[in-house]
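Here the structure is laid out as structure tokens; the discussion comes afterwards.
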Amino acid sequence: MIPIKDLLNKLKWDKRYKPDEYTIYYHDRFRDEMIPVDYSSIKGLEGSFMIIERDGDEVSIPLHRVNKVMKGRMLVWRRKKN
């Protein structure tokens with residue numbers, strides 16, 4: 001399976017994909033729930049973090065917290081369970 005950072009970069013740079021069609025789900029440890037993020041909310045990838053805009057602020061989300069990526073209702077990537 002492709003690493004999540006590689007997939008996010010592929011969605012951004014490969015002209016065959018439309019990033020706005022994708023939603024990334026990550027685990028928020030404070031709320032203990034899965035949070036959906038539209039790909040368009042991602043401002044950048046820095047090291048092992050994705051930088052998103054949430055409520056007007058930039059927030060760093062560790063990539064190891066990303067659990068799945070959906071295109072509409074279709075699952076395109078899921079983190080392997082340990």
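By convention here, the chains of the structure tokens are called A, B, ... in the order presented, each chain's residues are numbered starting at 1, and ligands are numbered starting at 1 in the order presented.
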
Contacts of range 17-26 of chain A at 8 Å (only C-alpha atoms; same-chain gap of 4+ positions) as a PyMOL selection string: chain A and resi 11-12+34-40+65-72

Residue set, chain A restricted to alpha helix (DSSP H), as a PyMOL selection string: chain A and resi 4-13

Can I get the selection written as a compact mmCIF listing (two decimals), in the first residue's frame, with N, CA and C atoms?
```txt
# COMPACT_ATOMS: atom_id res chain seq x y z
N ILE A 4 0.73 7.32 3.05
CA ILE A 4 -0.25 8.40 2.97
C ILE A 4 0.36 9.68 2.42
N LYS A 5 1.58 10.00 2.77
CA LYS A 5 2.21 11.23 2.25
C LYS A 5 2.34 11.15 0.73
N ASP A 6 2.72 9.98 0.23
CA ASP A 6 2.84 9.80 -1.22
C ASP A 6 1.48 9.95 -1.91
N LEU A 7 0.44 9.39 -1.29
CA LEU A 7 -0.90 9.51 -1.87
C LEU A 7 -1.35 10.97 -1.91
N LEU A 8 -1.17 11.70 -0.83
CA LEU A 8 -1.58 13.11 -0.79
C LEU A 8 -0.83 13.94 -1.83
N ASN A 9 0.46 13.66 -1.99
CA ASN A 9 1.23 14.36 -3.02
C ASN A 9 0.75 13.98 -4.42
N LYS A 10 0.44 12.71 -4.62
CA LYS A 10 -0.04 12.25 -5.92
C LYS A 10 -1.36 12.96 -6.28
N LEU A 11 -2.25 13.07 -5.30
CA LEU A 11 -3.53 13.74 -5.56
C LEU A 11 -3.31 15.20 -5.93
N LYS A 12 -2.31 15.81 -5.34
CA LYS A 12 -2.04 17.23 -5.60
C LYS A 12 -1.38 17.45 -6.96
N TRP A 13 -0.41 16.63 -7.32
CA TRP A 13 0.43 16.91 -8.48
C TRP A 13 0.06 16.15 -9.74
```

DSSP strand (DSSP E or B) residues within chain A, listed as a PyMOL selection string: chain A and resi 22-28+33-38+42-46+49-54+57-62+66-71+74-78

Could you write those residues out with N, CA and C atoms, as a compact mmCIF listing (two decimals), in the first residue's frame?
```txt
# COMPACT_ATOMS: atom_id res chain seq x y z
N TYR A 22 -11.80 14.48 -2.93
CA TYR A 22 -11.30 13.59 -1.88
C TYR A 22 -11.50 14.18 -0.48
N THR A 23 -11.78 13.28 0.45
CA THR A 23 -11.90 13.64 1.86
C THR A 23 -10.96 12.76 2.66
N ILE A 24 -10.21 13.39 3.55
CA ILE A 24 -9.25 12.69 4.40
C ILE A 24 -9.86 12.62 5.80
N TYR A 25 -9.78 11.46 6.43
CA TYR A 25 -10.30 11.27 7.78
C TYR A 25 -9.13 11.00 8.73
N TYR A 26 -9.08 11.77 9.81
CA TYR A 26 -8.03 11.54 10.81
C TYR A 26 -8.66 11.42 12.19
N HIS A 27 -7.93 10.75 13.08
CA HIS A 27 -8.40 10.55 14.44
C HIS A 27 -7.98 11.74 15.29
N ASP A 28 -8.96 12.42 15.88
CA ASP A 28 -8.70 13.52 16.80
C ASP A 28 -8.63 12.93 18.20
N GLU A 33 -12.60 11.00 18.11
CA GLU A 33 -13.49 10.73 16.97
C GLU A 33 -12.75 10.96 15.67
N MET A 34 -13.35 10.46 14.59
CA MET A 34 -12.79 10.65 13.26
C MET A 34 -13.28 12.00 12.73
N ILE A 35 -12.35 12.80 12.21
CA ILE A 35 -12.68 14.12 11.69
C ILE A 35 -12.45 14.12 10.18
N PRO A 36 -13.47 14.49 9.39
CA PRO A 36 -13.29 14.58 7.94
C PRO A 36 -12.69 15.93 7.56
N VAL A 37 -11.79 15.90 6.58
CA VAL A 37 -11.15 17.12 6.08
C VAL A 37 -11.20 17.08 4.56
N ASP A 38 -11.78 18.08 3.94
CA ASP A 38 -11.74 18.17 2.48
C ASP A 38 -10.30 18.40 2.05
N ILE A 42 -6.22 21.28 3.00
CA ILE A 42 -4.81 21.02 3.25
C ILE A 42 -3.99 22.14 2.64
N LYS A 43 -3.23 22.82 3.48
CA LYS A 43 -2.40 23.94 3.04
C LYS A 43 -1.00 23.49 2.68
N GLY A 44 -0.59 22.32 3.18
CA GLY A 44 0.73 21.82 2.84
C GLY A 44 1.08 20.57 3.62
N LEU A 45 2.17 19.94 3.21
CA LEU A 45 2.72 18.79 3.90
C LEU A 45 4.12 19.18 4.34
N GLU A 46 4.38 19.04 5.62
CA GLU A 46 5.70 19.39 6.17
C GLU A 46 6.20 18.24 7.01
N PHE A 49 3.71 15.78 8.84
CA PHE A 49 2.48 16.48 9.21
C PHE A 49 1.78 17.02 7.98
N MET A 50 0.44 17.08 8.06
CA MET A 50 -0.31 17.84 7.07
C MET A 50 -0.81 19.08 7.80
N ILE A 51 -0.70 20.20 7.12
CA ILE A 51 -1.13 21.47 7.67
C ILE A 51 -2.49 21.77 7.07
N ILE A 52 -3.50 21.92 7.94
CA ILE A 52 -4.85 22.20 7.46
C ILE A 52 -5.32 23.53 8.03
N GLU A 53 -6.34 24.07 7.38
CA GLU A 53 -6.98 25.26 7.90
C GLU A 53 -8.28 24.83 8.56
N ARG A 54 -8.42 25.18 9.84
CA ARG A 54 -9.62 24.85 10.58
C ARG A 54 -10.04 26.06 11.40
N ASP A 57 -7.63 28.99 11.54
CA ASP A 57 -6.28 28.75 12.06
C ASP A 57 -5.61 27.63 11.29
N GLU A 58 -4.28 27.65 11.24
CA GLU A 58 -3.54 26.54 10.67
C GLU A 58 -3.24 25.54 11.78
N VAL A 59 -3.54 24.27 11.50
CA VAL A 59 -3.37 23.20 12.47
C VAL A 59 -2.50 22.12 11.85
N SER A 60 -1.53 21.61 12.61
CA SER A 60 -0.67 20.52 12.15
C SER A 60 -1.24 19.20 12.63
N ILE A 61 -1.50 18.31 11.68
CA ILE A 61 -2.03 16.98 11.99
C ILE A 61 -0.96 15.95 11.63
N PRO A 62 -0.52 15.14 12.60
CA PRO A 62 0.45 14.09 12.27
C PRO A 62 -0.15 13.11 11.26
N VAL A 66 -3.94 9.90 10.22
CA VAL A 66 -4.84 9.74 9.07
C VAL A 66 -5.21 8.25 8.98
N ASN A 67 -6.51 7.97 8.96
CA ASN A 67 -6.99 6.59 8.93
C ASN A 67 -7.53 6.16 7.58
N LYS A 68 -8.13 7.11 6.84
CA LYS A 68 -8.66 6.72 5.54
C LYS A 68 -8.82 7.93 4.64
N VAL A 69 -8.91 7.63 3.33
CA VAL A 69 -9.15 8.64 2.30
C VAL A 69 -10.30 8.13 1.45
N MET A 70 -11.27 9.00 1.24
CA MET A 70 -12.46 8.64 0.45
C MET A 70 -12.57 9.55 -0.76
N LYS A 71 -13.07 8.98 -1.85
CA LYS A 71 -13.46 9.76 -3.02
C LYS A 71 -14.96 9.58 -3.13
N MET A 74 -16.47 6.16 -2.11
CA MET A 74 -15.55 5.08 -2.39
C MET A 74 -14.27 5.20 -1.55
N LEU A 75 -13.92 4.14 -0.85
CA LEU A 75 -12.69 4.09 -0.06
C LEU A 75 -11.51 3.91 -1.00
N VAL A 76 -10.52 4.82 -0.94
CA VAL A 76 -9.35 4.69 -1.81
C VAL A 76 -8.08 4.37 -1.04
N TRP A 77 -8.10 4.59 0.28
CA TRP A 77 -6.92 4.29 1.11
C TRP A 77 -7.37 4.08 2.54
N ARG A 78 -6.81 3.08 3.21
CA ARG A 78 -7.10 2.85 4.63
C ARG A 78 -5.81 2.40 5.30
```

One-decimal distance in Å that lies between CA of Arg79 in chain A and CA of Asp14 in chain A: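 Between these atoms lies a distance of 21.8 Å.
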
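When only C-alpha atoms are used to measure the gap to Pro3 in chain A, the shortest distance among A:Asp55, A:Lys80, A:Arg16, A:Asp32 belongs to A:Lys80.
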